[in-house]
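The structure appears right after this line, and notes come after that.
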Amino acid sequence: MSLKVYMPPPHGGKLVDAVIRDRDKVINMAAGAIPYDIRATRDPISGLPIRNVYREIMSIAYGFFSPLDRFMTRNEVENVLKERRLLDGWLFPFPIIFDISEDDLRKLGIKEGDRLLLRLKGQPFAILDVEEIWRFDPKDLADRTFGTPERNPEVVKKRFDEKHPGWLIYRSMTGTALAGKVYVINEPVFKEPYNRFWYPPAKSREEIQRRGWRTVIAHQTRNVPHTGHEHLMKNAAYLGDIEPCHGILVNAIIGAKRLGDFVDEAILEGHEALNKYGYISPKRHMVTFTLWDMRYGNPLESLLHGIIRQNMGCTHHMFGRDHAAVGDYYDPYATQILWERGLPSYGLNAPPYDLDKGLKIRPVNIKEFWYCPKCGEIAYSDTCAHTDVAQRFSGSFIRGLIAEGIEPPPIIFRPEVYRVIVRWWRVYGYPFVNKKYLELKERELEVDVPPMEVPLKR
């Protein structure tokens, strides 16, 4: 007898599926469309790629961002910036914008009502139906997206600037946007190792059902796991529930990273190593990813994470200190403030699960794990009396050891995880994201696109 699994509904009530698989329909849709080659958004100073909109197209079309099924109009962006809601009222934290240069707009003669054939790596990939062409001030958009100390004093501690990767993404946009529905018409094929971890929401829900997991807690990651992350996963599944969560769904954010971050391939295979070598039971641990050039938006990013993981079928989401953060722009516990009482200055007067057209996924707020040298073990928050000698997990310290070729001790890093890092180190010649890796990643991407012939507009 199979176990009935009760998972939360998709955000908005229904998963978006904008992947067209019928060949004849694809040809009819693409016939006469205006071809446009997708390009990276680049840092205007360094010239390095910081975003590729193909990842947003994939996340829209496969339902990760449900109920969003399009690139936003001016009015929708305004609504998101003022109330963090789509025009139909459903919570959504970030503007999702397809920007294009004025030069390309003029050369191609694009006007409202046109259909674009978006090409990726030289092949047809997606279609964008242009409903609206609108313009914006990139700096104003960046400021309003993340907030300011004056407007959002509950959590914003200092003004955002070019050192913040998410602010820089919006600041580096062209200022001209195309709004409209988007469809994938030629499914990309994921390369190794990404293909092993590709669980879009419909597939993720099927897998959760197959495994009989009634409760599933999401673990957000952009890092190779140290033992502090491992303890977060193991212990978060026991916090705040009558029974332990049946499943732990690791969902890595895959996209352009900061210089010095771990490479994406090592992040995925590092988490896989935890269940592959028995540190977490594979019966209750699953590694997946979402394509998204991370905005590092702390409480706002956590809202997007909640949407993504609810759409994937999770019942709970763990949130720790400095969730999805970089630098000291936000209060370290900004995300927990959001999920405990809301952020009125962002238009969120209650926690996301207590708002009309809000989320169903529930938070598990966690402080931090650290190593206690007196107890000789990992401790949680203030559960022992030796906080004066607490040795906290430092990502920069661990990366410093690895960069020197020193294997971190097992108390903070599993040897099998370290071997994953070394393997990809040999592939790329360096264990972390550097300029060479970012350019290579942009050129290669995570996918190949099958050849496809379609009649183009002349």
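Each chain in the structure tokens gets a letter, A, B and so on, in the order shown; residues start at 1 in every chain, and ligands are counted from 1 in the order they appear.
Shell of segment 96-99 of chain A at 7 Å, with only C-alpha atoms counted and residues fewer than 2 places along the chain excluded, is Phe71, Met72, Phe94, Ser101, Met173, Thr174, Gly175, Thr176, Ala177, Leu178 and Ala179 of chain A.
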Saved selection, atoms kept: N, CA and C atoms, as an mmCIF file, in the first residue's frame:
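Saved result, result_26.cif, follows:
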data_model
loop_
_atom_site.group_PDB
_atom_site.id
_atom_site.type_symbol
_atom_site.label_atom_id
_atom_site.label_comp_id
_atom_site.auth_asym_id
_atom_site.auth_seq_id
_atom_site.Cartn_x
_atom_site.Cartn_y
_atom_site.Cartn_z
ATOM 1 N N PHE A 71 8.349 37.665 -18.735
ATOM 2 C CA PHE A 71 9.172 38.782 -18.301
ATOM 3 C C PHE A 71 8.236 39.956 -18.029
ATOM 4 N N MET A 72 8.513 40.697 -16.967
ATOM 5 C CA MET A 72 7.544 41.615 -16.395
ATOM 6 C C MET A 72 7.384 42.908 -17.191
ATOM 7 N N PHE A 94 11.416 39.758 -6.659
ATOM 8 C CA PHE A 94 12.377 40.421 -7.537
ATOM 9 C C PHE A 94 11.769 40.772 -8.890
ATOM 10 N N SER A 101 19.680 46.019 -25.690
ATOM 11 C CA SER A 101 20.286 47.316 -25.982
ATOM 12 C C SER A 101 19.415 48.102 -26.964
ATOM 13 N N MET A 173 22.123 46.451 -16.216
ATOM 14 C CA MET A 173 21.167 46.229 -17.295
ATOM 15 C C MET A 173 21.132 47.437 -18.222
ATOM 16 N N THR A 174 20.553 47.247 -19.406
ATOM 17 C CA THR A 174 20.638 48.256 -20.465
ATOM 18 C C THR A 174 19.707 49.449 -20.250
ATOM 19 N N GLY A 175 18.613 49.247 -19.526
ATOM 20 C CA GLY A 175 17.626 50.308 -19.360
ATOM 21 C C GLY A 175 16.460 50.204 -20.320
ATOM 22 N N THR A 176 16.478 49.211 -21.217
ATOM 23 C CA THR A 176 15.359 48.957 -22.131
ATOM 24 C C THR A 176 14.892 47.519 -21.942
ATOM 25 N N ALA A 177 13.593 47.340 -21.711
ATOM 26 C CA ALA A 177 13.058 46.021 -21.381
ATOM 27 C C ALA A 177 11.993 45.586 -22.381
ATOM 28 N N LEU A 178 11.975 44.276 -22.640
ATOM 29 C CA LEU A 178 10.915 43.642 -23.425
ATOM 30 C C LEU A 178 10.111 42.774 -22.474
ATOM 31 N N ALA A 179 8.802 43.001 -22.427
ATOM 32 C CA ALA A 179 7.939 42.228 -21.543
ATOM 33 C C ALA A 179 7.059 41.292 -22.360
#
- Show which residues sit within 9 Å of Pro351 of chain A, as a PyMOL selection string. Count only C-alpha atoms, and ignore same-chain residues fewer than 4 positions away. chain A and resi 337-343+355+358
- Among listed residues A:Thr315, A:Gln391, A:Asn75, A:Thr41, nearest Leu359 of chain A (using only C-alpha atoms): A:Thr315
- For Ala142 of chain A, which residue among A:Asp322, A:Asp129, A:Asp161, A:Glu206 is the nearest when counting only C-alpha atoms? A:Asp161
- Pick out the closest residue to Gly147 of chain A from this set: A:Val263, A:Ile378, A:Val53, A:Leu81. Count only C-alpha atoms. A:Leu81
- Item | For segment 274-276 of chain A: contacts at 9 Å, only C-alpha atoms, fewer than 5 positions along chain excluded, given as an NGL selection string | :A and (225 or 230 or 269 or 281-286 or 414 or 416-417)
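Interatomic distance, atom CA of Asp448 of chain A to atom CA of Phe125 of chain A: 10.5 Å.
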- Message: Set the distance at 9 Å and use only C-alpha atoms: which residues neighbour segment 425-431 of chain A once local chain neighbours fewer than 3 positions away are removed? I'd like the list as a PyMOL selection string.
- Response: chain A and resi 260-263+266+399+402-403+420-422+434+436-437
- Please identify which residues in segment 152-380 of chain A DSSP calls alpha helix (DSSP H) from the backbone, and express them as a PyMOL selection string. chain A and resi 165-171+201-211+227-236+264-276+299-311+334-341
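The space separating atom CA of Ala350 of chain A from atom CA of Lys82 of chain A comes to 15.5 Å.
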